[in-house]
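Have a look at run36.pdb; it's PDB, C-alpha atoms and all ligand atoms:
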```
ATOM      1  CA  MET Q1229     -10.102  64.907 -16.947
ATOM      2  CA  THR Q1230      -8.498  63.523 -13.784
ATOM      3  CA  LYS Q1231      -5.016  64.707 -12.909
ATOM      4  CA  TYR Q1232      -2.559  61.860 -12.602
ATOM      5  CA  ALA Q1233       1.048  60.886 -12.038
ATOM      6  CA  GLU Q1234       2.740  57.583 -12.805
ATOM      7  CA  VAL Q1235       5.862  55.493 -12.452
ATOM      8  CA  ILE Q1236       7.812  54.588 -15.572
ATOM      9  CA  GLY Q1237      10.386  51.869 -16.077
ATOM     10  CA  HIS Q1238      11.030  48.632 -17.914
ATOM     11  CA  PRO Q1239       9.911  46.261 -16.497
ATOM     12  CA  ILE Q1240       7.423  48.035 -14.224
ATOM     13  CA  SER Q1241       4.879  45.504 -12.925
ATOM     14  CA  HIS Q1242       6.893  44.935  -9.714
ATOM     15  CA  SER Q1243       6.728  48.600  -8.683
ATOM     16  CA  LYS Q1244       5.106  49.380  -5.341
ATOM     17  CA  SER Q1245       4.722  53.081  -6.164
ATOM     18  CA  PRO Q1246       1.098  52.817  -7.412
ATOM     19  CA  LEU Q1247       0.079  51.125  -4.138
ATOM     20  CA  ILE Q1248       1.676  53.895  -2.081
ATOM     21  CA  HIS Q1249       0.412  56.915  -4.043
ATOM     22  CA  ARG Q1250      -3.114  55.496  -4.455
ATOM     23  CA  PHE Q1251      -3.228  54.762  -0.734
ATOM     24  CA  TRP Q1252      -2.584  58.455  -0.022
ATOM     25  CA  LEU Q1253      -4.975  59.701  -2.726
ATOM     26  CA  ASN Q1254      -7.736  57.569  -1.178
ATOM     27  CA  GLN Q1255      -6.820  58.462   2.376
ATOM     28  CA  MET Q1256      -6.971  62.182   1.586
ATOM     29  CA  GLY Q1257     -10.047  61.926  -0.650
ATOM     30  CA  LEU Q1258      -8.170  63.619  -3.496
ATOM     31  CA  VAL Q1259      -9.398  63.299  -7.048
ATOM     32  CA  GLY Q1260      -6.393  61.933  -8.894
ATOM     33  CA  ASP Q1261      -4.771  58.778 -10.140
ATOM     34  CA  TYR Q1262      -1.340  57.150 -10.092
ATOM     35  CA  ARG Q1263      -0.462  54.537 -12.708
ATOM     36  CA  ALA Q1264       2.396  52.279 -13.778
ATOM     37  CA  GLN Q1265       3.619  52.728 -17.345
ATOM     38  CA  ASP Q1266       6.051  50.393 -19.071
ATOM     39  CA  VAL Q1267       8.349  52.557 -21.214
ATOM     40  CA  LEU Q1268      11.075  51.063 -23.394
ATOM     41  CA  PRO Q1269      14.402  52.944 -23.556
ATOM     42  CA  GLU Q1270      13.814  53.831 -27.225
ATOM     43  CA  ASP Q1271      10.417  55.316 -26.340
ATOM     44  CA  LEU Q1272      11.609  57.603 -23.540
ATOM     45  CA  ASN Q1273      11.955  60.688 -25.747
ATOM     46  CA  GLY Q1274       8.425  60.233 -27.162
ATOM     47  CA  TYR Q1275       7.050  59.569 -23.681
ATOM     48  CA  PHE Q1276       8.244  62.920 -22.311
ATOM     49  CA  ARG Q1277       7.242  64.753 -25.529
ATOM     50  CA  ASP Q1278       3.647  63.421 -25.221
ATOM     51  CA  ARG Q1279       3.289  63.871 -21.476
ATOM     52  CA  ALA Q1280       4.593  67.449 -21.636
ATOM     53  CA  LEU Q1281       1.522  68.232 -23.796
ATOM     54  CA  ASP Q1282      -0.927  66.457 -21.461
ATOM     55  CA  PRO Q1283      -2.360  69.126 -19.119
ATOM     56  CA  VAL Q1284      -3.535  66.655 -16.458
ATOM     57  CA  TRP Q1285      -0.208  64.818 -16.186
ATOM     58  CA  ARG Q1286       1.439  65.936 -12.921
ATOM     59  CA  GLY Q1287       4.708  64.055 -13.345
ATOM     60  CA  CYS Q1288       6.322  60.672 -12.919
ATOM     61  CA  ASN Q1289       8.616  58.593 -10.810
ATOM     62  CA  ILE Q1290      11.401  56.915 -12.703
ATOM     63  CA  THR Q1291      12.923  53.533 -12.116
ATOM     64  CA  ILE Q1292      15.380  51.193 -13.838
ATOM     65  CA  PRO Q1293      16.593  51.645 -16.579
ATOM     66  CA  HIS Q1294      15.676  55.333 -17.132
ATOM     67  CA  LYS Q1295      17.131  57.144 -14.098
ATOM     68  CA  ILE Q1296      20.083  58.612 -15.995
ATOM     69  CA  ALA Q1297      18.666  58.809 -19.536
ATOM     70  CA  ALA Q1298      15.655  60.845 -18.335
ATOM     71  CA  LEU Q1299      17.995  63.726 -17.439
ATOM     72  CA  GLU Q1300      18.094  64.533 -21.178
ATOM     73  CA  TYR Q1301      14.426  65.543 -21.230
ATOM     74  CA  VAL Q1302      14.082  67.787 -18.176
ATOM     75  CA  THR Q1303      15.456  70.958 -16.641
ATOM     76  CA  ASP Q1304      17.763  70.369 -13.700
ATOM     77  CA  PRO Q1305      17.609  73.421 -11.413
ATOM     78  CA  GLY Q1306      19.020  71.566  -8.402
ATOM     79  CA  ASP Q1307      22.004  70.256 -10.396
ATOM     80  CA  VAL Q1308      21.051  66.645  -9.763
ATOM     81  CA  ARG Q1309      23.182  65.704 -12.779
ATOM     82  CA  GLY Q1310      26.283  67.177 -11.160
ATOM     83  CA  SER Q1311      25.540  65.731  -7.708
ATOM     84  CA  ILE Q1312      23.632  62.432  -7.456
ATOM     85  CA  GLY Q1313      23.806  61.959 -11.233
ATOM     86  CA  ALA Q1314      20.365  60.383 -11.675
ATOM     87  CA  ILE Q1315      16.723  61.450 -11.271
ATOM     88  CA  ASN Q1316      13.839  59.427  -9.856
ATOM     89  CA  THR Q1317      11.123  62.101 -10.136
ATOM     90  CA  VAL Q1318       9.912  64.540 -12.799
ATOM     91  CA  PHE Q1319       7.260  67.148 -11.943
ATOM     92  CA  ARG Q1320       5.829  70.292 -13.487
ATOM     93  CA  GLY Q1321       7.564  73.459 -12.402
ATOM     94  CA  ASP Q1322       6.639  77.106 -13.065
ATOM     95  CA  GLY Q1323       5.133  77.585 -16.520
ATOM     96  CA  GLY Q1324       4.658  73.819 -16.880
ATOM     97  CA  VAL Q1325       8.351  73.026 -17.514
ATOM     98  CA  LEU Q1326       9.433  69.493 -16.670
ATOM     99  CA  VAL Q1327      11.740  69.544 -13.661
ATOM    100  CA  GLY Q1328      13.947  66.578 -12.761
ATOM    101  CA  THR Q1329      14.860  65.808  -9.169
ATOM    102  CA  ASN Q1330      15.862  62.940  -6.913
ATOM    103  CA  THR Q1331      13.831  62.162  -3.792
ATOM    104  CA  ASP Q1332      15.900  59.102  -2.773
ATOM    105  CA  ALA Q1333      18.412  61.152  -0.768
ATOM    106  CA  GLY Q1334      15.620  62.828   1.237
ATOM    107  CA  GLY Q1335      13.773  59.519   1.570
ATOM    108  CA  PHE Q1336      16.920  57.873   2.914
ATOM    109  CA  TYR Q1337      17.719  60.683   5.334
ATOM    110  CA  GLY Q1338      14.203  61.119   6.816
ATOM    111  CA  PRO Q1339      14.286  58.118   9.198
ATOM    112  CA  ILE Q1340      17.728  59.063  10.585
ATOM    113  CA  ALA Q1341      17.308  62.853  10.579
ATOM    114  CA  ASP Q1342      17.459  62.967  14.395
ATOM    115  CA  MET Q1343      20.715  61.027  14.522
ATOM    116  CA  PRO Q1344      23.785  63.158  15.261
ATOM    117  CA  LEU Q1345      25.918  62.175  12.274
ATOM    118  CA  ALA Q1346      28.374  65.067  12.088
ATOM    119  CA  GLY Q1347      31.913  63.742  12.426
ATOM    120  CA  GLU Q1348      30.737  60.128  12.889
ATOM    121  CA  THR Q1349      31.979  57.184  10.837
ATOM    122  CA  ALA Q1350      29.540  55.475   8.445
ATOM    123  CA  ILE Q1351      29.889  52.204   6.540
ATOM    124  CA  VAL Q1352      28.111  52.042   3.175
ATOM    125  CA  ILE Q1353      27.844  48.841   1.110
ATOM    126  CA  GLY Q1354      27.508  49.230  -2.668
ATOM    127  CA  ALA Q1355      28.533  51.852  -5.200
ATOM    128  CA  GLY Q1356      25.497  52.096  -7.497
ATOM    129  CA  GLY Q1357      22.615  54.548  -7.850
ATOM    130  CA  ALA Q1358      21.220  54.071  -4.341
ATOM    131  CA  ALA Q1359      24.699  54.449  -2.814
ATOM    132  CA  ARG Q1360      25.069  57.782  -4.649
ATOM    133  CA  ALA Q1361      21.874  59.100  -3.020
ATOM    134  CA  VAL Q1362      23.064  57.822   0.380
ATOM    135  CA  LEU Q1363      26.524  59.401   0.027
ATOM    136  CA  PHE Q1364      24.976  62.690  -1.097
ATOM    137  CA  ALA Q1365      22.755  62.734   2.019
ATOM    138  CA  LEU Q1366      25.630  61.750   4.330
ATOM    139  CA  ALA Q1367      27.853  64.481   2.866
ATOM    140  CA  GLN Q1368      25.066  67.026   3.535
ATOM    141  CA  ALA Q1369      24.863  65.715   7.114
ATOM    142  CA  ASP Q1370      28.578  66.445   7.573
ATOM    143  CA  ILE Q1371      29.485  62.806   8.162
ATOM    144  CA  GLY Q1372      33.086  62.059   9.233
ATOM    145  CA  ASP Q1373      34.794  59.081   7.556
ATOM    146  CA  VAL Q1374      32.876  56.900   5.115
ATOM    147  CA  ILE Q1375      34.009  53.303   4.703
ATOM    148  CA  LEU Q1376      32.696  52.142   1.361
ATOM    149  CA  LEU Q1377      32.503  48.358   0.926
ATOM    150  CA  ALA Q1378      32.349  47.537  -2.777
ATOM    151  CA  ARG Q1379      33.466  44.934  -5.275
ATOM    152  CA  ASN Q1380      34.748  47.598  -7.664
ATOM    153  CA  GLY Q1381      37.302  49.556  -5.648
ATOM    154  CA  LEU Q1382      38.090  52.136  -8.319
ATOM    155  CA  LYS Q1383      34.455  53.000  -8.872
ATOM    156  CA  ALA Q1384      33.924  53.304  -5.112
ATOM    157  CA  ALA Q1385      36.982  55.529  -4.644
ATOM    158  CA  GLY Q1386      35.676  57.755  -7.433
ATOM    159  CA  LEU Q1387      32.379  58.101  -5.576
ATOM    160  CA  LEU Q1388      34.033  59.177  -2.323
ATOM    161  CA  ALA Q1389      35.993  61.815  -4.237
ATOM    162  CA  HIS Q1390      32.908  62.942  -6.162
ATOM    163  CA  PHE Q1391      31.031  63.677  -2.945
ATOM    164  CA  GLY Q1392      34.065  65.238  -1.239
ATOM    165  CA  LEU Q1393      34.041  62.537   1.427
ATOM    166  CA  LYS Q1394      37.042  61.236   3.293
ATOM    167  CA  GLY Q1395      37.373  57.631   4.276
ATOM    168  CA  GLN Q1396      38.412  54.427   2.665
ATOM    169  CA  VAL Q1397      37.296  51.736   0.233
ATOM    170  CA  LEU Q1398      37.385  48.134   1.438
ATOM    171  CA  PRO Q1399      36.400  44.795  -0.093
ATOM    172  CA  LEU Q1400      33.031  43.326   0.855
ATOM    173  CA  ASP Q1401      34.583  40.686   3.126
ATOM    174  CA  ALA Q1402      36.673  43.159   5.164
ATOM    175  CA  ARG Q1403      36.306  43.212   8.963
ATOM    176  CA  LEU Q1404      33.992  46.100   9.824
ATOM    177  CA  PRO Q1405      35.508  49.114  11.557
ATOM    178  CA  ASP Q1406      33.904  50.927  14.497
ATOM    179  CA  ALA Q1407      31.043  53.021  13.072
ATOM    180  CA  ALA Q1408      27.820  54.713  14.174
ATOM    181  CA  LEU Q1409      25.904  53.791  11.025
ATOM    182  CA  LEU Q1410      25.951  50.884   8.581
ATOM    183  CA  VAL Q1411      23.917  51.164   5.363
ATOM    184  CA  ASN Q1412      23.364  48.375   2.848
ATOM    185  CA  ALA Q1413      22.873  50.163  -0.491
ATOM    186  CA  SER Q1414      23.573  47.054  -2.564
ATOM    187  CA  PRO Q1415      21.070  44.427  -3.775
ATOM    188  CA  LEU Q1416      22.809  41.790  -1.631
ATOM    189  CA  GLY Q1417      20.205  40.131   0.576
ATOM    190  CA  MET Q1418      17.372  40.841  -1.879
ATOM    191  CA  LYS Q1419      15.050  38.025  -2.892
ATOM    192  CA  GLY Q1420      16.773  36.200  -5.749
ATOM    193  CA  LYS Q1421      20.194  37.800  -5.117
ATOM    194  CA  GLU Q1422      23.214  36.589  -3.212
ATOM    195  CA  ALA Q1423      23.234  36.858   0.574
ATOM    196  CA  LEU Q1424      25.061  39.660   2.324
ATOM    197  CA  GLU Q1425      27.652  37.874   4.454
ATOM    198  CA  ILE Q1426      28.800  40.238   7.138
ATOM    199  CA  ASP Q1427      29.869  40.001  10.774
ATOM    200  CA  LEU Q1428      28.348  42.839  12.793
ATOM    201  CA  ALA Q1429      30.310  41.986  15.953
ATOM    202  CA  PRO Q1430      32.795  44.901  15.591
ATOM    203  CA  LEU Q1431      29.993  47.506  15.557
ATOM    204  CA  PRO Q1432      29.474  49.396  18.829
ATOM    205  CA  ASP Q1433      26.200  48.927  20.768
ATOM    206  CA  HIS Q1434      24.893  52.352  19.714
ATOM    207  CA  ALA Q1435      25.286  51.653  15.969
ATOM    208  CA  LEU Q1436      22.268  51.864  13.672
ATOM    209  CA  VAL Q1437      21.885  49.383  10.800
ATOM    210  CA  TYR Q1438      19.901  50.562   7.767
ATOM    211  CA  ASP Q1439      19.038  48.174   4.932
ATOM    212  CA  LEU Q1440      17.688  49.733   1.725
ATOM    213  CA  VAL Q1441      16.521  46.308   0.535
ATOM    214  CA  TYR Q1442      12.753  45.943   1.085
ATOM    215  CA  ALA Q1443      12.073  42.530  -0.504
ATOM    216  CA  PRO Q1444      12.218  40.773   1.880
ATOM    217  CA  ILE Q1445      11.517  43.440   4.454
ATOM    218  CA  GLU Q1446      13.259  41.546   7.262
ATOM    219  CA  THR Q1447      16.633  40.810   5.711
ATOM    220  CA  LEU Q1448      19.317  38.646   7.226
ATOM    221  CA  LEU Q1449      21.271  41.844   7.921
ATOM    222  CA  LEU Q1450      18.409  43.285   9.979
ATOM    223  CA  LYS Q1451      17.927  39.960  11.783
ATOM    224  CA  GLN Q1452      21.617  39.953  12.726
ATOM    225  CA  ALA Q1453      21.381  43.574  13.889
ATOM    226  CA  ARG Q1454      18.298  42.867  16.002
ATOM    227  CA  ALA Q1455      20.077  39.846  17.513
ATOM    228  CA  ARG Q1456      22.725  42.321  18.672
ATOM    229  CA  ALA Q1457      19.989  44.711  19.932
ATOM    230  CA  LEU Q1458      21.168  47.388  17.482
ATOM    231  CA  GLU Q1459      18.718  49.980  16.202
ATOM    232  CA  VAL Q1460      17.482  49.203  12.676
ATOM    233  CA  VAL Q1461      15.754  50.954   9.780
ATOM    234  CA  ASP Q1462      14.233  48.865   6.982
ATOM    235  CA  GLY Q1463      13.926  49.607   3.272
ATOM    236  CA  LEU Q1464      10.200  50.327   3.391
ATOM    237  CA  GLU Q1465      10.862  53.456   5.441
ATOM    238  CA  MET Q1466      12.975  54.923   2.646
ATOM    239  CA  LEU Q1467      10.569  53.699  -0.019
ATOM    240  CA  VAL Q1468       7.652  55.467   1.649
ATOM    241  CA  GLY Q1469       9.798  58.525   2.470
ATOM    242  CA  GLN Q1470      10.947  59.105  -1.110
ATOM    243  CA  ALA Q1471       7.372  58.580  -2.331
ATOM    244  CA  ALA Q1472       6.025  61.159   0.148
ATOM    245  CA  ILE Q1473       8.367  63.842  -1.214
ATOM    246  CA  ALA Q1474       7.324  62.999  -4.791
ATOM    247  CA  PHE Q1475       3.594  62.943  -3.879
ATOM    248  CA  GLU Q1476       3.782  66.523  -2.633
ATOM    249  CA  LEU Q1477       5.567  67.590  -5.833
ATOM    250  CA  PHE Q1478       2.842  65.943  -7.965
ATOM    251  CA  PHE Q1479      -0.319  66.796  -6.043
ATOM    252  CA  GLY Q1480       0.688  69.904  -4.075
ATOM    253  CA  VAL Q1481      -0.019  68.493  -0.600
ATOM    254  CA  ALA Q1482       2.037  66.363   1.745
ATOM    255  CA  PRO Q1483       0.569  62.928   2.523
ATOM    256  CA  PRO Q1484      -0.583  62.488   6.133
ATOM    257  CA  ASP Q1485       1.629  60.681   8.658
ATOM    258  CA  ASP Q1486      -1.228  58.754  10.205
ATOM    259  CA  GLY Q1487      -2.092  55.509   8.489
ATOM    260  CA  GLU Q1488       1.574  54.598   8.141
ATOM    261  CA  ASN Q1489       0.968  51.188   9.749
ATOM    262  CA  ASN Q1490      -1.884  50.455   7.337
ATOM    263  CA  LEU Q1491       0.335  51.447   4.422
ATOM    264  CA  ARG Q1492       3.139  49.158   5.624
ATOM    265  CA  GLU Q1493       0.654  46.293   5.971
ATOM    266  CA  LEU Q1494      -0.544  46.888   2.424
ATOM    267  CA  LEU Q1495       3.026  46.903   1.104
ATOM    268  CA  LEU Q1496       3.914  43.721   2.935
ATOM    269  CA  LYS Q1497       1.016  41.704   1.422
TER     270      LYS Q1497
HETATM  271  P1  LIG Q1501      22.544  49.518  -8.819
HETATM  272  O1  LIG Q1501      22.615  50.912  -9.328
HETATM  273  O2  LIG Q1501      22.425  48.381  -9.781
HETATM  274  O3  LIG Q1501      23.835  49.314  -7.883
HETATM  275  C1  LIG Q1501      24.051  48.134  -7.181
HETATM  276  C2  LIG Q1501      25.398  48.199  -6.473
HETATM  277  O4  LIG Q1501      25.580  46.975  -5.760
HETATM  278  C3  LIG Q1501      26.565  48.338  -7.427
HETATM  279  O5  LIG Q1501      27.586  49.077  -6.823
HETATM  280  C4  LIG Q1501      27.004  46.906  -7.638
HETATM  281  O6  LIG Q1501      28.371  46.735  -7.878
HETATM  282  C5  LIG Q1501      26.741  46.292  -6.278
HETATM  283  N1  LIG Q1501      26.459  44.867  -6.441
HETATM  284  C6  LIG Q1501      25.485  44.301  -7.164
HETATM  285  N2  LIG Q1501      25.562  42.967  -7.080
HETATM  286  C7  LIG Q1501      26.628  42.687  -6.316
HETATM  287  C8  LIG Q1501      27.226  41.488  -5.866
HETATM  288  N3  LIG Q1501      26.732  40.300  -6.208
HETATM  289  N4  LIG Q1501      28.319  41.574  -5.083
HETATM  290  C9  LIG Q1501      28.811  42.772  -4.748
HETATM  291  N5  LIG Q1501      28.293  43.965  -5.126
HETATM  292  C10 LIG Q1501      27.203  43.903  -5.900
HETATM  293  O7  LIG Q1501      21.299  49.330  -7.844
HETATM  294  P2  LIG Q1501      20.692  50.456  -6.897
HETATM  295  O8  LIG Q1501      19.657  51.199  -7.629
HETATM  296  O9  LIG Q1501      21.828  51.175  -6.272
HETATM  297  O10 LIG Q1501      19.914  49.568  -5.804
HETATM  298  C11 LIG Q1501      20.599  48.876  -4.807
HETATM  299  C12 LIG Q1501      19.592  48.299  -3.808
HETATM  300  O11 LIG Q1501      18.937  49.355  -3.129
HETATM  301  C13 LIG Q1501      18.490  47.450  -4.446
HETATM  302  O12 LIG Q1501      18.223  46.370  -3.608
HETATM  303  C14 LIG Q1501      17.294  48.381  -4.475
HETATM  304  O13 LIG Q1501      16.055  47.693  -4.412
HETATM  305  C15 LIG Q1501      17.535  49.166  -3.193
HETATM  306  N6  LIG Q1501      16.885  50.482  -3.209
HETATM  307  C16 LIG Q1501      15.960  50.722  -2.273
HETATM  308  C17 LIG Q1501      15.342  51.955  -2.230
HETATM  309  C18 LIG Q1501      14.305  52.219  -1.180
HETATM  310  O14 LIG Q1501      13.543  53.180  -1.312
HETATM  311  N7  LIG Q1501      14.266  51.424  -0.116
HETATM  312  C19 LIG Q1501      15.679  52.948  -3.165
HETATM  313  C20 LIG Q1501      16.651  52.671  -4.125
HETATM  314  C21 LIG Q1501      17.247  51.414  -4.132
HETATM  315  P3  LIG Q1501      29.118  47.340  -9.195
HETATM  316  O15 LIG Q1501      29.220  48.801  -8.913
HETATM  317  O16 LIG Q1501      30.412  46.637  -9.187
HETATM  318  O17 LIG Q1501      28.212  47.000 -10.330
END
```

Mind turning the file's structure into structure tokens?
Ligand code: NAP
Amino acid sequence: MTKYAEVIGHPISHSKSPLIHRFWLNQMGLVGDYRAQDVLPEDLNGYFRDRALDPVWRGCNITIPHKIAALEYVTDPGDVRGSIGAINTVFRGDGGVLVGTNTDAGGFYGPIADMPLAGETAIVIGAGGAARAVLFALAQADIGDVILLARNGLKAAGLLAHFGLKGQVLPLDARLPDAALLVNASPLGMKGKEALEIDLAPLPDHALVYDLVYAPIETLLLKQARARALEVVDGLEMLVGQAAIAFELFFGVAPPDDGENNLRELLLK
């Protein structure tokens, strides 16, 4: 019986998680599997009940629409419910209990961990699940002001308060303030979604632009940032980063750093 993990969601066929985790399993020569499982909302309870009894199931990643509902079926030792408010990973803890956690915040922070963020101003676009993980990470990094650009001002103001952040909420078409970091945590710019219309001119030359969108990988936002010679981080870096944290929780070993270029090539096919 081969140990395995999987990603659950509905729909699920678009998920890149199997490609990433299988790449590492192969690279490390580990005996294990990583699958994609379509789970309907009404089947979520039964899914966790069955998997909890399966001794070779190591855990799962969770995507839309189960990130909040799955909290009902797991223990939450890190108080993810009270902080980020949604889980993207379930793994087996001591005694086989199902533990819920969220690796998006760590996956987001990894590529900018060397950046001195304390006291700096950050601009974040969007006020959904990804923005919550970003704001959690920025609060941990002792960020200064956060300017949240969102279409729903009340929701965005609630998020700033929730994470104990100071700053301001502005509409999406506001002129950007001076900031060290700009993060797009909205689906704007994604294939099939509206474009993100933004003028980066007010950003200083040392600003870093980070787009969580990874389809396409080279978004208009990143193109504009590169045209200004600003430093950029693309969405694949976070995608691979959050997967690496989950992989270690499932299989007990961290994936190797080498081979990252091959993995990116595979994901871009
Ligand atoms: P979500 O929970 O649905 O939130 C989306 C946010 O964007 C919401 O605040 C929403 O506004 C706002 N928004 C959506 N459409 C908009 C529009 N047309 N105009 C203005 N605002 C709009 O989605 P999510 O999970 O946060 O994901 C956001 C993006 O991050 C997606 O592109 C996703 O693929 C990406 N992501 C990437 C990674 C990675 O590893 N790279 C991880 C997670 C997410 P309302 O609040 O008003 O609804």

Grab me every residue within 7 Å of ligand LIG 1501 (chain Q), counting all atoms listed in the file, and send it over as a PDB file with C-alpha atoms, in the coordinates of the input.
```pdb
ATOM      1  CA  ASP Q1332      15.900  59.102  -2.773  1.00  0.00           C
ATOM      2  CA  GLY Q1335      13.773  59.519   1.570  1.00  0.00           C
ATOM      3  CA  GLY Q1354      27.508  49.230  -2.668  1.00  0.00           C
ATOM      4  CA  ALA Q1355      28.533  51.852  -5.200  1.00  0.00           C
ATOM      5  CA  GLY Q1356      25.497  52.096  -7.497  1.00  0.00           C
ATOM      6  CA  GLY Q1357      22.615  54.548  -7.850  1.00  0.00           C
ATOM      7  CA  ALA Q1358      21.220  54.071  -4.341  1.00  0.00           C
ATOM      8  CA  ALA Q1359      24.699  54.449  -2.814  1.00  0.00           C
ATOM      9  CA  ALA Q1378      32.349  47.537  -2.777  1.00  0.00           C
ATOM     10  CA  ARG Q1379      33.466  44.934  -5.275  1.00  0.00           C
ATOM     11  CA  ASN Q1380      34.748  47.598  -7.664  1.00  0.00           C
ATOM     12  CA  LYS Q1383      34.455  53.000  -8.872  1.00  0.00           C
ATOM     13  CA  ALA Q1413      22.873  50.163  -0.491  1.00  0.00           C
ATOM     14  CA  SER Q1414      23.573  47.054  -2.564  1.00  0.00           C
ATOM     15  CA  PRO Q1415      21.070  44.427  -3.775  1.00  0.00           C
ATOM     16  CA  LEU Q1416      22.809  41.790  -1.631  1.00  0.00           C
ATOM     17  CA  MET Q1418      17.372  40.841  -1.879  1.00  0.00           C
ATOM     18  CA  GLU Q1422      23.214  36.589  -3.212  1.00  0.00           C
ATOM     19  CA  LEU Q1440      17.688  49.733   1.725  1.00  0.00           C
ATOM     20  CA  VAL Q1441      16.521  46.308   0.535  1.00  0.00           C
ATOM     21  CA  TYR Q1442      12.753  45.943   1.085  1.00  0.00           C
ATOM     22  CA  GLY Q1463      13.926  49.607   3.272  1.00  0.00           C
ATOM     23  CA  LEU Q1464      10.200  50.327   3.391  1.00  0.00           C
ATOM     24  CA  GLU Q1465      10.862  53.456   5.441  1.00  0.00           C
ATOM     25  CA  MET Q1466      12.975  54.923   2.646  1.00  0.00           C
ATOM     26  CA  LEU Q1467      10.569  53.699  -0.019  1.00  0.00           C
ATOM     27  CA  VAL Q1468       7.652  55.467   1.649  1.00  0.00           C
ATOM     28  CA  GLN Q1470      10.947  59.105  -1.110  1.00  0.00           C
TER      29      GLN Q1470
END
```

Gly1328 of chain Q proximity check over Q:Glu1300, Q:Glu1493, Q:Asp1401, Q:Glu1488, using only C-alpha atoms: winner is Q:Glu1300

Pairwise distance, atom CA of Val1318 of chain Q with atom CA of Ile1340 of chain Q, equals 25.3 Å

Exercise for review: Name the residues captured by the PyMOL selection byres (((chain Q and resi 1384) around 12) and not hetatm) when it is applied to the shown file; answer as a VMD selection string.
Suggested key: chain Q and resid 1352 to 1357 1359 to 1360 1363 1374 to 1383 1385 to 1391 1393 to 1400

Write out as a PDB file with C-alpha atoms, keeping the file's coordinate frame the residues lying within 7 Å of segment 1426-1430 of chain Q, counting all atoms listed in the file and excluding same-chain residues fewer than 3 positions away.
```pdb
ATOM      1  CA  LEU Q1404      33.992  46.100   9.824  1.00  0.00           C
ATOM      2  CA  PRO Q1405      35.508  49.114  11.557  1.00  0.00           C
ATOM      3  CA  ASP Q1406      33.904  50.927  14.497  1.00  0.00           C
TER       4      ASP Q1406
END
```

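Taking all atoms listed in the file, the non-local environment of Asp1307 of chain Q within 12 Å (same-chain residues fewer than 4 positions away omitted) comprises Leu1299, Val1302, Thr1303, Ser1311, Ile1312, Gly1313, Ala1314, Ile1315, Val1327, Gly1328, Thr1329 and Asn1330 of chain Q.
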
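Computed from the coordinates, the atom CA of Thr1291 of chain Q to atom CA of His1238 of chain Q distance equals 7.8 Å.
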
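Evaluated on this file, the PyMOL selection byres (((chain Q and resi 1287) around 8) and not hetatm) matches Tyr1232, Ala1233, Glu1234, Trp1285, Arg1286, Cys1288, Asn1289, Thr1317, Val1318, Phe1319, Arg1320, Leu1326 and Phe1478 of chain Q.
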
- Pull the neighbourhood of (-9.1, 69.7, -18.4) for me: all residues within 10 Å in file coordinates, counting all atoms listed in the file, as an MDAnalysis selection string. chainID Q and resid 1229:1231 1282:1284

Requested in this report: Using the chain letters and numbers from the file, give me the residues hit by the PyMOL selection byres (((chain Q and resi 1248) around 9) and not hetatm), as a PyMOL selection string.
Outcome: chain Q and resi 1244-1247+1249-1253+1468+1471-1472+1491+1494-1495

The selected residues should be written to file as a CSV table (one decimal), keeping the file's coordinate frame (atoms: C-alpha atoms).
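Listed below is the output, part.csv:
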```
chain,number,residue,atom,x,y,z
Q,1244,LYS,CA,5.1,49.4,-5.3
Q,1245,SER,CA,4.7,53.1,-6.2
Q,1246,PRO,CA,1.1,52.8,-7.4
Q,1247,LEU,CA,0.1,51.1,-4.1
Q,1249,HIS,CA,0.4,56.9,-4.0
Q,1250,ARG,CA,-3.1,55.5,-4.5
Q,1251,PHE,CA,-3.2,54.8,-0.7
Q,1252,TRP,CA,-2.6,58.5,0.0
Q,1253,LEU,CA,-5.0,59.7,-2.7
Q,1468,VAL,CA,7.7,55.5,1.6
Q,1471,ALA,CA,7.4,58.6,-2.3
Q,1472,ALA,CA,6.0,61.2,0.1
Q,1491,LEU,CA,0.3,51.4,4.4
Q,1494,LEU,CA,-0.5,46.9,2.4
Q,1495,LEU,CA,3.0,46.9,1.1
```
